[in-house]
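Participant: Handing over entry-v2.cif, mmCIF, C-alpha atoms.
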```
data_work
#
loop_
_atom_site.label_atom_id
_atom_site.label_comp_id
_atom_site.auth_asym_id
_atom_site.auth_seq_id
_atom_site.Cartn_x
_atom_site.Cartn_y
_atom_site.Cartn_z
CA MET A 1060 -37.66 -31.80 43.24
CA GLN A 1061 -41.38 -32.57 43.14
CA VAL A 1062 -43.88 -30.58 41.12
CA CYS A 1063 -47.60 -30.77 41.76
CA GLY A 1064 -49.67 -32.52 39.08
CA GLU A 1065 -51.10 -29.37 37.54
CA ASN A 1066 -47.69 -27.67 37.21
CA ALA A 1067 -46.17 -30.89 35.86
CA THR A 1068 -48.83 -31.00 33.18
CA ILE A 1069 -48.16 -27.36 32.24
CA LEU A 1070 -44.37 -27.86 32.20
CA HIS A 1071 -44.74 -31.05 30.20
CA ALA A 1072 -47.00 -29.29 27.68
CA ILE A 1073 -44.46 -26.47 27.30
CA ALA A 1074 -41.57 -28.93 26.93
CA SER A 1075 -43.53 -30.95 24.35
CA GLU A 1076 -44.39 -27.83 22.37
CA VAL A 1077 -40.75 -26.68 22.34
CA ALA A 1078 -39.57 -30.16 21.31
CA GLN A 1079 -42.19 -30.35 18.53
CA THR A 1080 -41.12 -27.04 17.04
CA SER A 1081 -37.51 -28.03 17.71
CA VAL A 1082 -36.44 -24.43 18.22
CA CYS A 1083 -34.68 -23.84 21.52
CA ASP A 1084 -31.30 -23.06 23.05
CA HIS A 1085 -31.41 -25.67 25.81
CA ILE A 1086 -33.67 -28.33 27.17
CA LEU A 1087 -34.14 -26.84 30.60
CA LEU A 1088 -35.97 -29.66 32.29
CA GLN A 1089 -37.80 -32.86 31.73
CA VAL A 1090 -40.93 -33.81 33.60
CA SER A 1091 -41.68 -37.48 34.23
CA THR A 1092 -45.23 -38.77 34.34
CA ASP A 1093 -45.07 -38.95 38.14
CA GLY A 1094 -44.27 -35.21 38.33
CA ARG A 1095 -40.53 -35.39 39.05
CA VAL A 1096 -38.42 -32.78 37.29
CA ASN A 1097 -35.04 -33.72 35.84
CA HIS A 1098 -32.74 -30.69 35.80
CA ARG A 1099 -30.20 -31.91 33.24
CA LEU A 1100 -29.23 -28.98 31.03
CA LYS A 1101 -28.40 -30.17 27.54
CA PRO A 1102 -27.38 -27.84 24.76
CA VAL A 1103 -29.14 -28.58 21.50
CA PRO A 1104 -28.76 -26.93 18.11
CA LEU A 1105 -30.65 -23.67 17.78
CA ILE A 1106 -32.79 -25.22 15.08
CA MET A 1107 -33.07 -28.99 14.85
CA LEU A 1108 -34.83 -29.46 11.57
CA LYS A 1109 -37.42 -32.20 11.36
CA ARG A 1110 -35.76 -33.58 8.26
CA GLU A 1111 -32.40 -33.90 10.06
CA ARG A 1112 -34.09 -35.73 12.95
CA GLN A 1113 -35.81 -38.07 10.49
CA LYS A 1114 -32.54 -38.66 8.64
CA LYS A 1115 -30.79 -39.68 11.88
CA LEU A 1116 -33.78 -41.84 12.80
CA LEU A 1117 -33.61 -43.71 9.47
CA ASN A 1118 -29.85 -44.22 9.85
CA LEU A 1119 -30.36 -45.53 13.38
CA ILE A 1120 -33.06 -47.99 12.28
CA ARG A 1121 -30.82 -49.23 9.46
CA ALA A 1122 -27.88 -49.71 11.85
CA LYS A 1123 -29.47 -51.28 14.96
CA ARG A 1124 -32.28 -53.58 16.03
CA ILE A 1125 -34.45 -51.43 18.29
CA GLY A 1126 -37.80 -52.58 19.61
CA THR A 1127 -39.33 -49.64 21.49
CA GLN A 1128 -39.91 -45.95 20.93
CA GLU A 1129 -38.26 -45.24 24.27
CA ALA A 1130 -35.08 -47.04 23.13
CA LEU A 1131 -35.20 -45.11 19.83
CA ARG A 1132 -35.61 -41.85 21.72
CA ALA A 1133 -32.67 -42.69 24.01
CA HIS A 1134 -30.42 -43.56 21.05
CA LEU A 1135 -31.38 -40.31 19.32
CA GLU A 1136 -30.64 -38.36 22.48
CA ARG A 1137 -27.19 -40.00 22.72
CA VAL A 1138 -26.34 -38.68 19.26
CA GLY A 1139 -27.54 -35.20 20.17
CA VAL A 1140 -31.05 -35.29 18.72
CA PRO A 1141 -33.77 -34.44 21.24
CA ALA A 1142 -37.16 -35.96 20.49
CA THR A 1143 -40.39 -36.37 22.38
CA GLN A 1144 -42.36 -39.60 22.16
CA SER A 1145 -45.08 -37.81 20.20
CA SER A 1146 -42.68 -36.34 17.62
CA LEU A 1147 -40.94 -39.71 17.32
CA SER A 1148 -44.28 -41.44 16.76
CA ARG A 1149 -45.20 -38.93 14.04
CA ASP A 1150 -41.78 -39.38 12.40
CA LEU A 1151 -42.13 -43.16 12.35
CA GLU A 1152 -45.53 -42.91 10.67
CA GLU A 1153 -44.40 -40.29 8.13
CA LEU A 1154 -41.32 -42.34 7.22
CA GLY A 1155 -43.33 -45.52 6.78
CA VAL A 1156 -41.32 -47.37 9.43
CA VAL A 1157 -42.87 -50.70 10.43
CA LYS A 1158 -42.30 -53.14 13.24
CA HIS A 1159 -40.94 -56.44 11.97
CA GLN A 1160 -40.18 -59.36 14.32
CA GLY A 1161 -40.18 -57.02 17.32
CA SER A 1162 -37.86 -54.35 15.87
CA TYR A 1163 -38.39 -51.19 13.87
CA ALA A 1164 -37.54 -51.60 10.19
CA LEU A 1165 -37.92 -49.86 6.87
CA PRO A 1166 -40.38 -51.44 4.46
CA HIS A 1167 -38.74 -53.92 2.08
CA ALA A 1168 -37.96 -52.31 -1.23
CA ASN A 1169 -39.29 -54.05 -4.32
CA GLY A 1170 -39.08 -51.06 -6.59
CA GLY A 1171 -40.06 -47.43 -6.18
CA SER A 1172 -43.69 -47.93 -5.19
CA ALA A 1173 -42.71 -50.25 -2.32
CA ARG A 1174 -40.62 -47.39 -0.94
CA GLY A 1175 -43.28 -44.79 -1.66
CA LEU A 1176 -42.42 -43.20 -5.01
CA LEU A 1177 -45.24 -43.48 -7.57
CA SER A 1178 -44.45 -41.00 -10.34
CA LEU A 1179 -42.28 -38.09 -11.46
CA ASP A 1180 -43.44 -35.16 -13.60
CA VAL A 1181 -41.76 -31.95 -14.66
CA ALA A 1182 -43.17 -28.49 -14.07
CA GLY A 1183 -41.54 -25.58 -15.85
CA ASP A 1184 -37.78 -25.71 -16.35
CA VAL A 1185 -36.55 -26.13 -12.78
CA LEU A 1186 -39.07 -28.25 -10.90
CA VAL A 1187 -39.70 -31.99 -10.68
CA ILE A 1188 -42.90 -33.14 -8.94
CA ALA A 1189 -42.79 -36.52 -7.21
CA ARG A 1190 -46.07 -38.24 -6.31
CA CYS A 1191 -45.81 -40.70 -3.42
CA LEU A 1192 -47.96 -43.07 -1.42
CA PRO A 1193 -49.87 -41.19 1.31
CA GLY A 1194 -47.58 -40.44 4.24
CA ARG A 1195 -44.40 -41.47 2.39
CA ALA A 1196 -43.26 -38.17 0.85
CA SER A 1197 -40.95 -37.31 3.78
CA ALA A 1198 -39.18 -40.67 3.61
CA VAL A 1199 -38.77 -40.42 -0.17
CA ALA A 1200 -37.44 -36.85 0.15
CA VAL A 1201 -34.92 -37.95 2.79
CA GLU A 1202 -33.63 -40.67 0.42
CA ILE A 1203 -33.36 -38.18 -2.43
CA ASP A 1204 -31.52 -35.71 -0.19
CA ASP A 1205 -29.18 -38.44 1.09
CA ALA A 1206 -28.26 -39.31 -2.50
CA ALA A 1207 -26.86 -35.75 -2.81
CA PHE A 1208 -27.42 -35.44 -6.55
CA PRO A 1209 -25.59 -32.30 -7.75
CA GLU A 1210 -28.51 -31.43 -10.05
CA ILE A 1211 -30.88 -31.02 -7.11
CA VAL A 1212 -30.94 -27.72 -5.22
CA GLY A 1213 -33.50 -28.82 -2.62
CA THR A 1214 -36.69 -30.70 -1.84
CA LEU A 1215 -39.93 -29.78 -0.12
CA ALA A 1216 -42.13 -32.67 1.02
CA GLY A 1217 -45.79 -32.69 1.92
CA GLU A 1218 -48.01 -35.69 2.70
CA ASP A 1219 -47.86 -37.35 -0.72
CA THR A 1220 -46.07 -34.86 -2.97
CA ILE A 1221 -42.49 -33.58 -3.20
CA PHE A 1222 -41.33 -30.47 -5.04
CA ILE A 1223 -37.76 -31.05 -6.21
CA ALA A 1224 -35.95 -27.88 -7.28
CA VAL A 1225 -33.16 -28.31 -9.84
CA ARG A 1226 -30.60 -25.92 -11.33
CA ASP A 1227 -31.85 -25.82 -14.94
CA GLN A 1228 -33.69 -27.81 -17.63
CA LYS A 1229 -30.70 -30.09 -18.30
CA ALA A 1230 -30.44 -30.80 -14.56
CA GLN A 1231 -34.18 -31.53 -14.55
CA ARG A 1232 -33.73 -34.41 -17.00
CA GLY A 1233 -30.65 -35.70 -15.15
CA ALA A 1234 -32.34 -35.54 -11.75
CA THR A 1235 -35.42 -37.35 -13.04
CA LYS A 1236 -33.27 -40.16 -14.45
CA LYS A 1237 -31.18 -40.48 -11.27
CA ILE A 1238 -34.24 -40.51 -9.00
CA TRP A 1239 -35.78 -43.35 -11.03
CA GLU A 1240 -32.46 -45.24 -10.80
CA LEU A 1241 -32.36 -44.66 -7.03
CA PHE A 1242 -35.85 -46.10 -6.60
CA GLY A 1243 -35.45 -48.67 -9.43
#
```
Show how you would write the structure in this file as structure tokens.
Facilitator:
Amino acid sequence: MQVCGENATILHAIASEVAQTSVCDHILLQVSTDGRVNHRLKPVPLIMLKRERQKKLLNLIRAKRIGTQEALRAHLERVGVPATQSSLSRDLEELGVVKHQGSYALPHANGGSARGLLSLDVAGDVLVIARCLPGRASAVAVEIDDAAFPEIVGTLAGEDTIFIAVRDQKAQRGATKKIWELFG
């Protein structure tokens, strides 16, 4: 099926917007740059959280040598994670992923600051504030979440700051210690 240029642009914009918000029941169609529509229906989770997509992306980069965003996108799609090129590009930047010898890689870790963590402070009895290098808070939060510390209830990452909610004041001290050990 061919779609005229104007309609292809509109459909592509709608598809991109849906993929960026990651809230949909199905990907109804894909529009290629030459205006062809691909009618593959693919069920996707009702809400594909950005953090889950980034987590799978980090795991994929750790596991395989991948040299292009298109190859990354295809691998993500194979594991059930839809992503547009623009959302993938934003994720790579937020996570601090670099290209090394032609493949995507995580920055080498020589302590916490090399991976993005700069400092930890407490706020009240149930909050730890993590300061990070600009653009690295999401990657640091994903690592903290992956560690699955029982003291931590949840994290909320911005550009360079993470709010880490803990169960109580004792958990606050334990979480702070474990996070520093993780980023040692």
Participant: Would you compute the distance between CA of Gly1213 in chain A and CA of Ser1145 in chain A? Give it in Å to one decimal.
Facilitator: 27.1 Å
Participant: Which distance in Å separates CA of Lys1236 in chain A and CA of Val1201 in chain A, to one decimal?
Facilitator: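 Here the two named atoms are 17.5 Å from each other.
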Participant: Identify the residues around (-45.5, -41.2, 4.9) within a radius of 10 Å, measuring from all atoms listed in the file in the coordinates stated by the file, and give them as number ranges by chain.
Facilitator: A: 1149-1156, 1174-1175, 1191-1199, 1216-1219
Participant: How would the residues just chosen look if you wrote them out with C-alpha atoms as a PDB file, keeping the file's coordinate frame?
Facilitator:
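Below is the file that was written, part-v6.pdb:
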```
ATOM      1  CA  ARG A1149     -45.200 -38.930  14.040  1.00  0.00           C
ATOM      2  CA  ASP A1150     -41.780 -39.380  12.400  1.00  0.00           C
ATOM      3  CA  LEU A1151     -42.130 -43.160  12.350  1.00  0.00           C
ATOM      4  CA  GLU A1152     -45.530 -42.910  10.670  1.00  0.00           C
ATOM      5  CA  GLU A1153     -44.400 -40.290   8.130  1.00  0.00           C
ATOM      6  CA  LEU A1154     -41.320 -42.340   7.220  1.00  0.00           C
ATOM      7  CA  GLY A1155     -43.330 -45.520   6.780  1.00  0.00           C
ATOM      8  CA  VAL A1156     -41.320 -47.370   9.430  1.00  0.00           C
ATOM      9  CA  ARG A1174     -40.620 -47.390  -0.940  1.00  0.00           C
ATOM     10  CA  GLY A1175     -43.280 -44.790  -1.660  1.00  0.00           C
ATOM     11  CA  CYS A1191     -45.810 -40.700  -3.420  1.00  0.00           C
ATOM     12  CA  LEU A1192     -47.960 -43.070  -1.420  1.00  0.00           C
ATOM     13  CA  PRO A1193     -49.870 -41.190   1.310  1.00  0.00           C
ATOM     14  CA  GLY A1194     -47.580 -40.440   4.240  1.00  0.00           C
ATOM     15  CA  ARG A1195     -44.400 -41.470   2.390  1.00  0.00           C
ATOM     16  CA  ALA A1196     -43.260 -38.170   0.850  1.00  0.00           C
ATOM     17  CA  SER A1197     -40.950 -37.310   3.780  1.00  0.00           C
ATOM     18  CA  ALA A1198     -39.180 -40.670   3.610  1.00  0.00           C
ATOM     19  CA  VAL A1199     -38.770 -40.420  -0.170  1.00  0.00           C
ATOM     20  CA  ALA A1216     -42.130 -32.670   1.020  1.00  0.00           C
ATOM     21  CA  GLY A1217     -45.790 -32.690   1.920  1.00  0.00           C
ATOM     22  CA  GLU A1218     -48.010 -35.690   2.700  1.00  0.00           C
ATOM     23  CA  ASP A1219     -47.860 -37.350  -0.720  1.00  0.00           C
TER      24      ASP A1219
END
```
Participant: Determine the axis-aligned bounding box of all atoms of range 1203-1214 of chain A present in the file, pad each side by 4 Å, and express its centre and edge lengths in Å to one decimal place as JSON.
Facilitator:
```
{"center_x": -31.1, "center_y": -33.5, "center_z": -4.5, "size_x": 19.1, "size_y": 19.6, "size_z": 19.1}
```
Participant: What separation in Å, quoted to one decimal, exists between CA of Val1140 in chain A and CA of Arg1112 in chain A?
Facilitator: 6.5 Å
Participant: Could you give me, as a JSON list (two decimals) with C-alpha atoms, in the frame of the given file, the residues within 9 Å of Arg1121 in chain A, counting only C-alpha atoms and dropping anything in the same chain fewer than 3 positions from it?
Facilitator:
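This is the output file part_10.json:
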```
[["chain", "number", "residue", "atom", "x", "y", "z"],
["A", 1116, "LEU", "CA", -33.78, -41.84, 12.80],
["A", 1117, "LEU", "CA", -33.61, -43.71, 9.47],
["A", 1118, "ASN", "CA", -29.85, -44.22, 9.85],
["A", 1124, "ARG", "CA", -32.28, -53.58, 16.03],
["A", 1163, "TYR", "CA", -38.39, -51.19, 13.87],
["A", 1164, "ALA", "CA", -37.54, -51.60, 10.19],
["A", 1165, "LEU", "CA", -37.92, -49.86, 6.87]]
```
Participant: If you apply the PyMOL selection byres ((chain A and resi 1188) around 6) to this file, what residues do you get, as a compact mmCIF listing (two decimals) with C-alpha atoms, in the coordinates of the input?
Facilitator:
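The result, stored in result_24.txt:
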```txt
# COMPACT_ATOMS: atom_id res chain seq x y z
CA LEU A 1179 -42.28 -38.09 -11.46
CA ASP A 1180 -43.44 -35.16 -13.60
CA VAL A 1181 -41.76 -31.95 -14.66
CA VAL A 1187 -39.70 -31.99 -10.68
CA ALA A 1189 -42.79 -36.52 -7.21
CA ILE A 1221 -42.49 -33.58 -3.20
CA PHE A 1222 -41.33 -30.47 -5.04
```
Participant: For Val1138 in chain A, please output as a short mmCIF file (atom, residue, chain, number, x, y, z; two decimals) with C-alpha atoms, in the frame of the given file all residues within 10 Å (counting only C-alpha atoms; exclusion window: fewer than 3 positions along the same chain).
Facilitator:
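Output contents, as saved in out_17.cif:
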```cif
data_model
loop_
_atom_site.label_atom_id
_atom_site.label_comp_id
_atom_site.auth_asym_id
_atom_site.auth_seq_id
_atom_site.Cartn_x
_atom_site.Cartn_y
_atom_site.Cartn_z
CA LYS A 1115 -30.79 -39.68 11.88
CA LEU A 1119 -30.36 -45.53 13.38
CA ALA A 1133 -32.67 -42.69 24.01
CA HIS A 1134 -30.42 -43.56 21.05
CA LEU A 1135 -31.38 -40.31 19.32
CA PRO A 1141 -33.77 -34.44 21.24
#
```
Participant: Exactly which residues make up the result of the PyMOL selection byres ((chain A and resi 1240) around 12) on this file, given as a list of chain:residue names?
Facilitator: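 Given this file, the PyMOL selection byres ((chain A and resi 1240) around 12) evaluates to A:Gly1170, A:Gly1171, A:Leu1176, A:Ile1203, A:Ala1206, A:Phe1208, A:Gly1233, A:Ala1234, A:Thr1235, A:Lys1236, A:Lys1237, A:Ile1238, A:Trp1239, A:Leu1241, A:Phe1242, A:Gly1243.
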Participant: Go through A:Thr1214, A:Thr1220, A:Gln1144, A:Gln1160 one by one, measure the shortest atom-to-atom distance of each to Val1185 in chain A using only C-alpha atoms, and give the residue with the smallest value.
Facilitator: A:Thr1214
